[in-house]
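S.K.: Just so it is clear, I am handing over coords_4.cif, which has mmCIF, N, CA and C atoms.
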```cif
data_run
loop_
_atom_site.group_PDB
_atom_site.id
_atom_site.type_symbol
_atom_site.label_atom_id
_atom_site.label_comp_id
_atom_site.auth_asym_id
_atom_site.auth_seq_id
_atom_site.Cartn_x
_atom_site.Cartn_y
_atom_site.Cartn_z
ATOM 1 N N MET T 1 0.840 -1.179 0.000
ATOM 2 C CA MET T 1 0.000 0.000 0.000
ATOM 3 C C MET T 1 0.886 1.242 0.000
ATOM 4 N N GLU T 2 0.602 2.193 -0.855
ATOM 5 C CA GLU T 2 1.378 3.413 -0.937
ATOM 6 C C GLU T 2 1.130 4.291 0.275
ATOM 7 N N LYS T 3 2.177 5.017 0.674
ATOM 8 C CA LYS T 3 2.073 5.897 1.828
ATOM 9 C C LYS T 3 0.897 6.861 1.707
ATOM 10 N N SER T 4 0.757 7.485 0.562
ATOM 11 C CA SER T 4 -0.277 8.507 0.401
ATOM 12 C C SER T 4 -1.687 7.934 0.487
ATOM 13 N N SER T 5 -1.836 6.639 0.302
ATOM 14 C CA SER T 5 -3.175 6.066 0.339
ATOM 15 C C SER T 5 -3.578 5.588 1.725
ATOM 16 N N ILE T 6 -2.635 5.589 2.684
ATOM 17 C CA ILE T 6 -2.945 5.135 4.033
ATOM 18 C C ILE T 6 -3.458 6.310 4.860
ATOM 19 N N LYS T 7 -4.622 6.140 5.460
ATOM 20 C CA LYS T 7 -5.172 7.173 6.342
ATOM 21 C C LYS T 7 -5.062 6.685 7.776
ATOM 22 N N ILE T 8 -4.405 7.502 8.589
ATOM 23 C CA ILE T 8 -4.167 7.160 9.986
ATOM 24 C C ILE T 8 -4.897 8.167 10.871
ATOM 25 N N LEU T 9 -5.751 7.657 11.715
ATOM 26 C CA LEU T 9 -6.488 8.493 12.659
ATOM 27 C C LEU T 9 -5.803 8.426 14.021
ATOM 28 N N ILE T 10 -5.553 9.583 14.607
ATOM 29 C CA ILE T 10 -5.023 9.677 15.960
ATOM 30 C C ILE T 10 -6.091 10.346 16.810
ATOM 31 N N VAL T 11 -6.549 9.646 17.832
ATOM 32 C CA VAL T 11 -7.555 10.198 18.737
ATOM 33 C C VAL T 11 -6.861 10.485 20.066
ATOM 34 N N GLU T 12 -6.651 11.756 20.325
ATOM 35 C CA GLU T 12 -5.889 12.191 21.502
ATOM 36 C C GLU T 12 -6.404 13.556 21.952
ATOM 37 N N ASP T 13 -6.769 13.674 23.218
ATOM 38 C CA ASP T 13 -7.298 14.946 23.705
ATOM 39 C C ASP T 13 -6.220 15.907 24.211
ATOM 40 N N ASP T 14 -4.997 15.434 24.362
ATOM 41 C CA ASP T 14 -3.893 16.308 24.745
ATOM 42 C C ASP T 14 -3.236 16.838 23.474
ATOM 43 N N LYS T 15 -3.293 18.150 23.258
ATOM 44 C CA LYS T 15 -2.825 18.732 21.997
ATOM 45 C C LYS T 15 -1.332 18.506 21.750
ATOM 46 N N LEU T 16 -0.524 18.612 22.777
ATOM 47 C CA LEU T 16 0.913 18.415 22.608
ATOM 48 C C LEU T 16 1.222 16.971 22.210
ATOM 49 N N THR T 17 0.596 16.015 22.872
ATOM 50 C CA THR T 17 0.784 14.599 22.534
ATOM 51 C C THR T 17 0.292 14.317 21.117
ATOM 52 N N ALA T 18 -0.832 14.903 20.741
ATOM 53 C CA ALA T 18 -1.372 14.712 19.392
ATOM 54 C C ALA T 18 -0.395 15.223 18.336
ATOM 55 N N LYS T 19 0.183 16.403 18.562
ATOM 56 C CA LYS T 19 1.152 16.959 17.604
ATOM 57 C C LYS T 19 2.401 16.086 17.496
ATOM 58 N N LEU T 20 2.889 15.612 18.637
ATOM 59 C CA LEU T 20 4.067 14.741 18.633
ATOM 60 C C LEU T 20 3.787 13.449 17.865
ATOM 61 N N ASN T 21 2.655 12.827 18.148
ATOM 62 C CA ASN T 21 2.290 11.583 17.467
ATOM 63 C C ASN T 21 2.099 11.807 15.973
ATOM 64 N N LYS T 22 1.517 12.938 15.616
ATOM 65 C CA LYS T 22 1.334 13.253 14.195
ATOM 66 C C LYS T 22 2.688 13.362 13.504
ATOM 67 N N ARG T 23 3.630 14.039 14.149
ATOM 68 C CA ARG T 23 4.966 14.191 13.574
ATOM 69 C C ARG T 23 5.659 12.835 13.417
ATOM 70 N N LEU T 24 5.529 11.968 14.421
ATOM 71 C CA LEU T 24 6.166 10.657 14.365
ATOM 72 C C LEU T 24 5.555 9.746 13.301
ATOM 73 N N LEU T 25 4.247 9.864 13.099
ATOM 74 C CA LEU T 25 3.556 8.952 12.187
ATOM 75 C C LEU T 25 3.384 9.495 10.770
ATOM 76 N N SER T 26 3.619 10.774 10.551
ATOM 77 C CA SER T 26 3.367 11.373 9.236
ATOM 78 C C SER T 26 4.165 10.749 8.089
ATOM 79 N N PRO T 27 5.358 10.187 8.313
ATOM 80 C CA PRO T 27 6.043 9.540 7.188
ATOM 81 C C PRO T 27 5.303 8.301 6.657
ATOM 82 N N TYR T 28 4.351 7.800 7.410
ATOM 83 C CA TYR T 28 3.686 6.544 7.045
ATOM 84 C C TYR T 28 2.334 6.714 6.371
ATOM 85 N N GLY T 29 1.827 7.934 6.313
ATOM 86 C CA GLY T 29 0.541 8.139 5.670
ATOM 87 C C GLY T 29 -0.070 9.478 6.003
ATOM 88 N N GLU T 30 -1.290 9.664 5.544
ATOM 89 C CA GLU T 30 -2.044 10.887 5.825
ATOM 90 C C GLU T 30 -2.595 10.809 7.250
ATOM 91 N N ILE T 31 -2.294 11.810 8.053
ATOM 92 C CA ILE T 31 -2.703 11.815 9.455
ATOM 93 C C ILE T 31 -3.945 12.674 9.634
ATOM 94 N N ILE T 32 -4.917 12.106 10.330
ATOM 95 C CA ILE T 32 -6.136 12.813 10.690
ATOM 96 C C ILE T 32 -6.206 12.828 12.212
ATOM 97 N N LEU T 33 -6.439 14.015 12.786
ATOM 98 C CA LEU T 33 -6.502 14.143 14.241
ATOM 99 C C LEU T 33 -7.931 14.356 14.720
ATOM 100 N N ALA T 34 -8.249 13.733 15.845
ATOM 101 C CA ALA T 34 -9.522 13.971 16.534
ATOM 102 C C ALA T 34 -9.202 14.185 18.003
ATOM 103 N N GLN T 35 -9.849 15.180 18.610
ATOM 104 C CA GLN T 35 -9.563 15.510 20.001
ATOM 105 C C GLN T 35 -10.589 14.973 20.979
ATOM 106 N N ASN T 36 -11.717 14.484 20.461
ATOM 107 C CA ASN T 36 -12.740 13.980 21.377
ATOM 108 C C ASN T 36 -13.523 12.839 20.720
ATOM 109 N N ILE T 37 -14.379 12.234 21.506
ATOM 110 C CA ILE T 37 -15.138 11.067 21.066
ATOM 111 C C ILE T 37 -16.033 11.392 19.867
ATOM 112 N N GLU T 38 -16.733 12.501 19.949
ATOM 113 C CA GLU T 38 -17.676 12.868 18.890
ATOM 114 C C GLU T 38 -16.972 13.123 17.560
ATOM 115 N N GLU T 39 -15.873 13.868 17.621
ATOM 116 C CA GLU T 39 -15.112 14.162 16.411
ATOM 117 C C GLU T 39 -14.558 12.879 15.794
ATOM 118 N N ALA T 40 -14.025 12.000 16.627
ATOM 119 C CA ALA T 40 -13.486 10.727 16.138
ATOM 120 C C ALA T 40 -14.587 9.877 15.510
ATOM 121 N N HIS T 41 -15.728 9.812 16.155
ATOM 122 C CA HIS T 41 -16.863 9.041 15.642
ATOM 123 C C HIS T 41 -17.251 9.539 14.255
ATOM 124 N N ASP T 42 -17.380 10.851 14.107
ATOM 125 C CA ASP T 42 -17.769 11.428 12.813
ATOM 126 C C ASP T 42 -16.730 11.144 11.730
ATOM 127 N N LEU T 43 -15.455 11.278 12.078
ATOM 128 C CA LEU T 43 -14.391 11.017 11.107
ATOM 129 C C LEU T 43 -14.355 9.552 10.679
ATOM 130 N N MET T 44 -14.561 8.660 11.629
ATOM 131 C CA MET T 44 -14.547 7.235 11.319
ATOM 132 C C MET T 44 -15.708 6.851 10.404
ATOM 133 N N LYS T 45 -16.837 7.489 10.585
ATOM 134 C CA LYS T 45 -17.995 7.186 9.746
ATOM 135 C C LYS T 45 -17.882 7.817 8.360
ATOM 136 N N ALA T 46 -17.208 8.981 8.273
ATOM 137 C CA ALA T 46 -17.160 9.731 7.021
ATOM 138 C C ALA T 46 -15.963 9.391 6.140
ATOM 139 N N SER T 47 -14.876 8.903 6.726
ATOM 140 C CA SER T 47 -13.648 8.662 5.972
ATOM 141 C C SER T 47 -13.283 7.188 5.997
ATOM 142 N N LYS T 48 -12.527 6.780 5.020
ATOM 143 C CA LYS T 48 -11.997 5.416 4.992
ATOM 144 C C LYS T 48 -10.680 5.435 5.760
ATOM 145 N N ILE T 49 -10.732 5.053 7.024
ATOM 146 C CA ILE T 49 -9.562 5.032 7.895
ATOM 147 C C ILE T 49 -8.958 3.625 7.838
ATOM 148 N N ASP T 50 -7.643 3.557 7.645
ATOM 149 C CA ASP T 50 -6.959 2.271 7.592
ATOM 150 C C ASP T 50 -6.401 1.850 8.943
ATOM 151 N N LEU T 51 -5.932 2.815 9.708
ATOM 152 C CA LEU T 51 -5.250 2.551 10.967
ATOM 153 C C LEU T 51 -5.633 3.645 11.950
ATOM 154 N N ALA T 52 -5.890 3.266 13.206
ATOM 155 C CA ALA T 52 -6.257 4.264 14.211
ATOM 156 C C ALA T 52 -5.504 4.013 15.508
ATOM 157 N N PHE T 53 -5.084 5.098 16.127
ATOM 158 C CA PHE T 53 -4.456 5.076 17.436
ATOM 159 C C PHE T 53 -5.410 5.757 18.409
ATOM 160 N N PHE T 54 -5.837 5.027 19.437
ATOM 161 C CA PHE T 54 -6.817 5.550 20.380
ATOM 162 C C PHE T 54 -6.239 5.732 21.772
ATOM 163 N N ASP T 55 -6.408 6.923 22.307
ATOM 164 C CA ASP T 55 -6.187 7.136 23.731
ATOM 165 C C ASP T 55 -7.457 6.602 24.406
ATOM 166 N N LEU T 56 -7.322 5.853 25.468
ATOM 167 C CA LEU T 56 -8.504 5.323 26.155
ATOM 168 C C LEU T 56 -9.184 6.378 27.012
ATOM 169 N N ASN T 57 -8.382 7.194 27.686
ATOM 170 C CA ASN T 57 -8.931 8.198 28.593
ATOM 171 C C ASN T 57 -9.147 9.502 27.850
ATOM 172 N N LEU T 58 -10.351 9.677 27.357
ATOM 173 C CA LEU T 58 -10.700 10.891 26.639
ATOM 174 C C LEU T 58 -11.693 11.694 27.470
ATOM 175 N N GLN T 59 -11.352 12.941 27.701
ATOM 176 C CA GLN T 59 -12.234 13.847 28.438
ATOM 177 C C GLN T 59 -12.605 13.279 29.802
ATOM 178 N N GLY T 60 -11.645 12.656 30.461
ATOM 179 C CA GLY T 60 -11.862 12.165 31.811
ATOM 180 C C GLY T 60 -12.625 10.863 31.943
ATOM 181 N N GLU T 61 -12.894 10.201 30.849
ATOM 182 C CA GLU T 61 -13.590 8.914 30.904
ATOM 183 C C GLU T 61 -12.972 7.947 29.909
ATOM 184 N N LEU T 62 -13.402 6.720 29.948
ATOM 185 C CA LEU T 62 -12.857 5.677 29.063
ATOM 186 C C LEU T 62 -13.602 5.618 27.727
ATOM 187 N N GLY T 63 -13.762 6.762 27.100
ATOM 188 C CA GLY T 63 -14.463 6.853 25.827
ATOM 189 C C GLY T 63 -13.785 6.131 24.689
ATOM 190 N N GLY T 64 -12.487 5.926 24.814
ATOM 191 C CA GLY T 64 -11.763 5.211 23.768
ATOM 192 C C GLY T 64 -12.266 3.795 23.574
ATOM 193 N N LEU T 65 -12.814 3.188 24.636
ATOM 194 C CA LEU T 65 -13.365 1.829 24.514
ATOM 195 C C LEU T 65 -14.550 1.798 23.551
ATOM 196 N N LYS T 66 -15.395 2.821 23.603
ATOM 197 C CA LYS T 66 -16.544 2.893 22.692
ATOM 198 C C LYS T 66 -16.078 3.056 21.245
ATOM 199 N N LEU T 67 -15.044 3.850 21.066
ATOM 200 C CA LEU T 67 -14.513 4.047 19.716
ATOM 201 C C LEU T 67 -13.887 2.776 19.165
ATOM 202 N N LEU T 68 -13.269 1.989 20.026
ATOM 203 C CA LEU T 68 -12.703 0.709 19.590
ATOM 204 C C LEU T 68 -13.782 -0.212 19.039
ATOM 205 N N GLN T 69 -14.939 -0.218 19.673
ATOM 206 C CA GLN T 69 -16.041 -1.062 19.208
ATOM 207 C C GLN T 69 -16.492 -0.638 17.823
ATOM 208 N N LEU T 70 -16.590 0.678 17.590
ATOM 209 C CA LEU T 70 -16.976 1.174 16.267
ATOM 210 C C LEU T 70 -15.897 0.841 15.236
ATOM 211 N N SER T 71 -14.638 1.010 15.609
ATOM 212 C CA SER T 71 -13.561 0.719 14.655
ATOM 213 C C SER T 71 -13.564 -0.751 14.253
ATOM 214 N N LYS T 72 -13.882 -1.616 15.195
ATOM 215 C CA LYS T 72 -13.963 -3.043 14.893
ATOM 216 C C LYS T 72 -15.059 -3.302 13.858
ATOM 217 N N LEU T 73 -16.205 -2.670 14.033
ATOM 218 C CA LEU T 73 -17.316 -2.820 13.081
ATOM 219 C C LEU T 73 -16.942 -2.294 11.694
ATOM 220 N N LEU T 74 -16.124 -1.245 11.664
ATOM 221 C CA LEU T 74 -15.744 -0.634 10.391
ATOM 222 C C LEU T 74 -14.501 -1.263 9.771
ATOM 223 N N GLY T 75 -13.893 -2.224 10.439
ATOM 224 C CA GLY T 75 -12.718 -2.903 9.903
ATOM 225 C C GLY T 75 -11.444 -2.075 9.965
ATOM 226 N N ILE T 76 -11.355 -1.194 10.942
ATOM 227 C CA ILE T 76 -10.173 -0.348 11.108
ATOM 228 C C ILE T 76 -9.193 -1.055 12.050
ATOM 229 N N TYR T 77 -7.940 -1.165 11.639
ATOM 230 C CA TYR T 77 -6.918 -1.744 12.496
ATOM 231 C C TYR T 77 -6.639 -0.737 13.607
ATOM 232 N N SER T 78 -6.864 -1.145 14.855
ATOM 233 C CA SER T 78 -6.830 -0.214 15.973
ATOM 234 C C SER T 78 -5.746 -0.547 16.983
ATOM 235 N N ILE T 79 -5.048 0.498 17.391
ATOM 236 C CA ILE T 79 -3.991 0.383 18.388
ATOM 237 C C ILE T 79 -4.306 1.330 19.537
ATOM 238 N N VAL T 80 -4.258 0.815 20.754
ATOM 239 C CA VAL T 80 -4.454 1.647 21.930
ATOM 240 C C VAL T 80 -3.132 2.333 22.237
ATOM 241 N N LEU T 81 -3.188 3.631 22.414
ATOM 242 C CA LEU T 81 -2.025 4.434 22.762
ATOM 243 C C LEU T 81 -2.399 5.192 24.025
ATOM 244 N N SER T 82 -2.047 4.620 25.166
ATOM 245 C CA SER T 82 -2.569 5.155 26.422
ATOM 246 C C SER T 82 -1.584 4.973 27.558
ATOM 247 N N GLY T 83 -1.785 5.736 28.593
ATOM 248 C CA GLY T 83 -1.027 5.579 29.824
ATOM 249 C C GLY T 83 -1.742 4.660 30.794
ATOM 250 N N GLU T 84 -2.879 4.139 30.385
ATOM 251 C CA GLU T 84 -3.676 3.248 31.234
ATOM 252 C C GLU T 84 -2.917 1.952 31.482
ATOM 253 N N THR T 85 -2.864 1.538 32.757
ATOM 254 C CA THR T 85 -2.119 0.321 33.085
ATOM 255 C C THR T 85 -2.963 -0.727 33.812
ATOM 256 N N LYS T 86 -4.226 -0.430 34.103
ATOM 257 C CA LYS T 86 -5.061 -1.408 34.808
ATOM 258 C C LYS T 86 -5.366 -2.581 33.880
ATOM 259 N N ARG T 87 -5.049 -3.768 34.355
ATOM 260 C CA ARG T 87 -5.189 -4.984 33.554
ATOM 261 C C ARG T 87 -6.610 -5.179 33.020
ATOM 262 N N GLU T 88 -7.611 -4.971 33.853
ATOM 263 C CA GLU T 88 -8.992 -5.206 33.405
ATOM 264 C C GLU T 88 -9.420 -4.230 32.308
ATOM 265 N N ILE T 89 -8.905 -3.026 32.347
ATOM 266 C CA ILE T 89 -9.232 -2.057 31.299
ATOM 267 C C ILE T 89 -8.532 -2.431 30.000
ATOM 268 N N LEU T 90 -7.287 -2.845 30.098
ATOM 269 C CA LEU T 90 -6.565 -3.270 28.897
ATOM 270 C C LEU T 90 -7.199 -4.516 28.283
ATOM 271 N N GLU T 91 -7.639 -5.446 29.112
ATOM 272 C CA GLU T 91 -8.340 -6.629 28.597
ATOM 273 C C GLU T 91 -9.620 -6.222 27.881
ATOM 274 N N GLU T 92 -10.332 -5.264 28.446
ATOM 275 C CA GLU T 92 -11.562 -4.773 27.811
ATOM 276 C C GLU T 92 -11.244 -4.118 26.469
ATOM 277 N N ALA T 93 -10.130 -3.422 26.387
ATOM 278 C CA ALA T 93 -9.732 -2.792 25.130
ATOM 279 C C ALA T 93 -9.515 -3.844 24.040
ATOM 280 N N PHE T 94 -8.850 -4.930 24.381
ATOM 281 C CA PHE T 94 -8.629 -5.992 23.389
ATOM 282 C C PHE T 94 -9.937 -6.692 23.022
ATOM 283 N N LYS T 95 -10.821 -6.872 23.989
ATOM 284 C CA LYS T 95 -12.131 -7.459 23.692
ATOM 285 C C LYS T 95 -12.943 -6.536 22.785
ATOM 286 N N SER T 96 -12.733 -5.231 22.928
ATOM 287 C CA SER T 96 -13.475 -4.251 22.132
ATOM 288 C C SER T 96 -12.915 -4.081 20.727
ATOM 289 N N GLY T 97 -11.756 -4.674 20.449
ATOM 290 C CA GLY T 97 -11.247 -4.616 19.088
ATOM 291 C C GLY T 97 -9.818 -4.153 18.915
ATOM 292 N N ALA T 98 -9.131 -3.779 19.986
ATOM 293 C CA ALA T 98 -7.741 -3.345 19.853
ATOM 294 C C ALA T 98 -6.878 -4.509 19.358
ATOM 295 N N LYS T 99 -5.988 -4.205 18.454
ATOM 296 C CA LYS T 99 -5.064 -5.211 17.929
ATOM 297 C C LYS T 99 -3.714 -5.150 18.620
ATOM 298 N N ASP T 100 -3.398 -3.988 19.203
ATOM 299 C CA ASP T 100 -2.117 -3.814 19.866
ATOM 300 C C ASP T 100 -2.237 -2.697 20.887
ATOM 301 N N TYR T 101 -1.190 -2.555 21.710
ATOM 302 C CA TYR T 101 -1.174 -1.562 22.771
ATOM 303 C C TYR T 101 0.211 -0.951 22.872
ATOM 304 N N LEU T 102 0.274 0.373 22.914
ATOM 305 C CA LEU T 102 1.525 1.090 23.135
ATOM 306 C C LEU T 102 1.339 1.979 24.357
ATOM 307 N N ASN T 103 2.338 1.958 25.236
ATOM 308 C CA ASN T 103 2.314 2.813 26.415
ATOM 309 C C ASN T 103 2.680 4.235 26.013
ATOM 310 N N LYS T 104 1.994 5.216 26.578
ATOM 311 C CA LYS T 104 2.358 6.607 26.355
ATOM 312 C C LYS T 104 3.397 7.010 27.376
ATOM 313 N N PRO T 105 4.307 7.828 27.022
ATOM 314 C CA PRO T 105 4.598 8.277 25.649
ATOM 315 C C PRO T 105 5.387 7.202 24.908
ATOM 316 N N PHE T 106 5.223 7.175 23.592
ATOM 317 C CA PHE T 106 5.978 6.204 22.800
ATOM 318 C C PHE T 106 6.970 6.959 21.927
ATOM 319 N N ASP T 107 7.942 6.244 21.448
ATOM 320 C CA ASP T 107 8.924 6.872 20.557
ATOM 321 C C ASP T 107 8.914 6.148 19.215
ATOM 322 N N LYS T 108 9.692 6.642 18.315
ATOM 323 C CA LYS T 108 9.683 6.130 16.942
ATOM 324 C C LYS T 108 10.031 4.647 16.850
ATOM 325 N N GLU T 109 10.911 4.158 17.729
ATOM 326 C CA GLU T 109 11.290 2.752 17.707
ATOM 327 C C GLU T 109 10.116 1.902 18.116
#
```
Would you give me this structure, written as structure tokens?
M.R.:
Amino acid sequence: MEKSSIKILIVEDDKLTAKLNKRLLSPYGEIILAQNIEEAHDLMKASKIDLAFFDLNLQGELGGLKLLQLSKLLGIYSIVLSGETKREILEEAFKSGAKDYLNKPFDKE
């Protein structure tokens, strides 16, 4: 798949983290940012997203879990990018459709 044809959604409510992640991932495709659950939901329904990185803790709640369920229905490869470390929450993320998990902050490697 060509770089320009890959659409990557980053769902992150912290603006600095979102900018950093966008910079790190931009060599791999077109980056789309969403800062909240509603914006991410609309983007996922309106665009053909190939890959998504979800923060679990959005706006003080675990809204990322709901987005994972939608991404699973839409066939989007989803990666949790979160500082969340509670085992039961991470298990729920994988049950909801996450394919992988990265601890925040992450680096290029």
S.K.: Nearest to T:Leu102: which of T:Arg23, T:Ile79, T:Ile89, T:Lys7 is it, counting all atoms listed in the file?
M.R.: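 The shortest atom-to-atom distance to T:Leu102 comes from T:Ile79.
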S.K.: Between T:Ile10, T:Asn103, T:Leu58, T:Ile49, single out the one closest to T:Glu84, counting all atoms listed in the file.
M.R.: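 Closest residue, counting all atoms listed in the file: T:Asn103.
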S.K.: Could the centre and edge lengths of an axis-aligned box, enclosing all atoms of stretch 67-84 of chain T in the file with 5 Å extra on each side, be given in Å to one decimal as lines of an AutoDock Vina configuration file?
M.R.:
```
center_x = -9.2
center_y = 1.2
center_z = 20.6
size_x = 26.3
size_y = 19.0
size_z = 31.7
```
S.K.: Select from stretch 15-75 of chain T everything DSSP, run on the backbone, classes as alpha helix (DSSP H), then give the selection as an mmCIF file with N, CA and C atoms, in the coordinates of the input.
M.R.:
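The result, written out as out-v6.cif:
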```cif
data_model
loop_
_atom_site.group_PDB
_atom_site.id
_atom_site.type_symbol
_atom_site.label_atom_id
_atom_site.label_comp_id
_atom_site.auth_asym_id
_atom_site.auth_seq_id
_atom_site.Cartn_x
_atom_site.Cartn_y
_atom_site.Cartn_z
ATOM 1 N N LYS T 15 -3.293 18.150 23.258
ATOM 2 C CA LYS T 15 -2.825 18.732 21.997
ATOM 3 C C LYS T 15 -1.332 18.506 21.750
ATOM 4 N N LEU T 16 -0.524 18.612 22.777
ATOM 5 C CA LEU T 16 0.913 18.415 22.608
ATOM 6 C C LEU T 16 1.222 16.971 22.210
ATOM 7 N N THR T 17 0.596 16.015 22.872
ATOM 8 C CA THR T 17 0.784 14.599 22.534
ATOM 9 C C THR T 17 0.292 14.317 21.117
ATOM 10 N N ALA T 18 -0.832 14.903 20.741
ATOM 11 C CA ALA T 18 -1.372 14.712 19.392
ATOM 12 C C ALA T 18 -0.395 15.223 18.336
ATOM 13 N N LYS T 19 0.183 16.403 18.562
ATOM 14 C CA LYS T 19 1.152 16.959 17.604
ATOM 15 C C LYS T 19 2.401 16.086 17.496
ATOM 16 N N LEU T 20 2.889 15.612 18.637
ATOM 17 C CA LEU T 20 4.067 14.741 18.633
ATOM 18 C C LEU T 20 3.787 13.449 17.865
ATOM 19 N N ASN T 21 2.655 12.827 18.148
ATOM 20 C CA ASN T 21 2.290 11.583 17.467
ATOM 21 C C ASN T 21 2.099 11.807 15.973
ATOM 22 N N LYS T 22 1.517 12.938 15.616
ATOM 23 C CA LYS T 22 1.334 13.253 14.195
ATOM 24 C C LYS T 22 2.688 13.362 13.504
ATOM 25 N N ARG T 23 3.630 14.039 14.149
ATOM 26 C CA ARG T 23 4.966 14.191 13.574
ATOM 27 C C ARG T 23 5.659 12.835 13.417
ATOM 28 N N LEU T 24 5.529 11.968 14.421
ATOM 29 C CA LEU T 24 6.166 10.657 14.365
ATOM 30 C C LEU T 24 5.555 9.746 13.301
ATOM 31 N N LEU T 25 4.247 9.864 13.099
ATOM 32 C CA LEU T 25 3.556 8.952 12.187
ATOM 33 C C LEU T 25 3.384 9.495 10.770
ATOM 34 N N ILE T 37 -14.379 12.234 21.506
ATOM 35 C CA ILE T 37 -15.138 11.067 21.066
ATOM 36 C C ILE T 37 -16.033 11.392 19.867
ATOM 37 N N GLU T 38 -16.733 12.501 19.949
ATOM 38 C CA GLU T 38 -17.676 12.868 18.890
ATOM 39 C C GLU T 38 -16.972 13.123 17.560
ATOM 40 N N GLU T 39 -15.873 13.868 17.621
ATOM 41 C CA GLU T 39 -15.112 14.162 16.411
ATOM 42 C C GLU T 39 -14.558 12.879 15.794
ATOM 43 N N ALA T 40 -14.025 12.000 16.627
ATOM 44 C CA ALA T 40 -13.486 10.727 16.138
ATOM 45 C C ALA T 40 -14.587 9.877 15.510
ATOM 46 N N HIS T 41 -15.728 9.812 16.155
ATOM 47 C CA HIS T 41 -16.863 9.041 15.642
ATOM 48 C C HIS T 41 -17.251 9.539 14.255
ATOM 49 N N ASP T 42 -17.380 10.851 14.107
ATOM 50 C CA ASP T 42 -17.769 11.428 12.813
ATOM 51 C C ASP T 42 -16.730 11.144 11.730
ATOM 52 N N LEU T 43 -15.455 11.278 12.078
ATOM 53 C CA LEU T 43 -14.391 11.017 11.107
ATOM 54 C C LEU T 43 -14.355 9.552 10.679
ATOM 55 N N MET T 44 -14.561 8.660 11.629
ATOM 56 C CA MET T 44 -14.547 7.235 11.319
ATOM 57 C C MET T 44 -15.708 6.851 10.404
ATOM 58 N N LYS T 45 -16.837 7.489 10.585
ATOM 59 C CA LYS T 45 -17.995 7.186 9.746
ATOM 60 C C LYS T 45 -17.882 7.817 8.360
ATOM 61 N N ALA T 46 -17.208 8.981 8.273
ATOM 62 C CA ALA T 46 -17.160 9.731 7.021
ATOM 63 C C ALA T 46 -15.963 9.391 6.140
ATOM 64 N N GLY T 63 -13.762 6.762 27.100
ATOM 65 C CA GLY T 63 -14.463 6.853 25.827
ATOM 66 C C GLY T 63 -13.785 6.131 24.689
ATOM 67 N N GLY T 64 -12.487 5.926 24.814
ATOM 68 C CA GLY T 64 -11.763 5.211 23.768
ATOM 69 C C GLY T 64 -12.266 3.795 23.574
ATOM 70 N N LEU T 65 -12.814 3.188 24.636
ATOM 71 C CA LEU T 65 -13.365 1.829 24.514
ATOM 72 C C LEU T 65 -14.550 1.798 23.551
ATOM 73 N N LYS T 66 -15.395 2.821 23.603
ATOM 74 C CA LYS T 66 -16.544 2.893 22.692
ATOM 75 C C LYS T 66 -16.078 3.056 21.245
ATOM 76 N N LEU T 67 -15.044 3.850 21.066
ATOM 77 C CA LEU T 67 -14.513 4.047 19.716
ATOM 78 C C LEU T 67 -13.887 2.776 19.165
ATOM 79 N N LEU T 68 -13.269 1.989 20.026
ATOM 80 C CA LEU T 68 -12.703 0.709 19.590
ATOM 81 C C LEU T 68 -13.782 -0.212 19.039
ATOM 82 N N GLN T 69 -14.939 -0.218 19.673
ATOM 83 C CA GLN T 69 -16.041 -1.062 19.208
ATOM 84 C C GLN T 69 -16.492 -0.638 17.823
ATOM 85 N N LEU T 70 -16.590 0.678 17.590
ATOM 86 C CA LEU T 70 -16.976 1.174 16.267
ATOM 87 C C LEU T 70 -15.897 0.841 15.236
ATOM 88 N N SER T 71 -14.638 1.010 15.609
ATOM 89 C CA SER T 71 -13.561 0.719 14.655
ATOM 90 C C SER T 71 -13.564 -0.751 14.253
ATOM 91 N N LYS T 72 -13.882 -1.616 15.195
ATOM 92 C CA LYS T 72 -13.963 -3.043 14.893
ATOM 93 C C LYS T 72 -15.059 -3.302 13.858
ATOM 94 N N LEU T 73 -16.205 -2.670 14.033
ATOM 95 C CA LEU T 73 -17.316 -2.820 13.081
ATOM 96 C C LEU T 73 -16.942 -2.294 11.694
ATOM 97 N N LEU T 74 -16.124 -1.245 11.664
ATOM 98 C CA LEU T 74 -15.744 -0.634 10.391
ATOM 99 C C LEU T 74 -14.501 -1.263 9.771
#
```
S.K.: Can you measure atom CA of T:Lys95 to atom CA of T:Thr17 for me? One decimal in Å is fine.
M.R.: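 Separation of atom CA of T:Lys95 and atom CA of T:Thr17: 25.6 Å.
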S.K.: Could you tell me which residues the PyMOL selection byres (((chain T and resi 34-39 and name CA) around 12) and name CA) returns for this structure, as a PyMOL selection string?
M.R.: chain T and resi 8-19+22+31-33+40-47+52-68+70
S.K.: Have a look at atom CA of T:Ala98 and atom CA of T:Lys72 and let me know their distance in Å, one decimal.
M.R.: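 For atom CA of T:Ala98 relative to atom CA of T:Lys72, the distance reads 8.0 Å.
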S.K.: To one decimal in Å, tell me the separation between atom N of T:Thr85 and atom N of T:Asp100.
M.R.: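 Those two atoms sit 14.6 Å apart.
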S.K.: Smallest atom-to-atom distance to T:Ser71: which of T:Leu25, T:Glu88, T:Lys48, T:Gly97, using only C-alpha atoms?
M.R.: T:Gly97
S.K.: With all atoms listed in the file as the basis for distance, which of T:Asp50, T:Ser96, T:Leu90, T:Ile6 is at the shortest distance from T:Tyr77?
M.R.: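 Looking at the shortest contact to T:Tyr77, the residue is T:Asp50.
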S.K.: So which residues touch T:Ser5 within 8 Å, counting all atoms listed in the file, skipping near sequence neighbours fewer than 6 positions away, as a PyMOL selection string?
M.R.: chain T and resi 28-30+50
S.K.: Using DSSP on the backbone coordinates, identify all residues within stretch 4-98 of chain T classified as strand (DSSP E); present the result as a list in words.
M.R.: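 For stretch 4-98 of chain T, the strand (DSSP E) set is Lys7, Ile8, Leu9, Ile10, Val11, Glu30, Ile31, Ile32, Leu33, Ala34, Leu51, Ala52, Phe53, Phe54, Tyr77, Ser78, Ile79, Val80, Leu81 and Ser82 of chain T.
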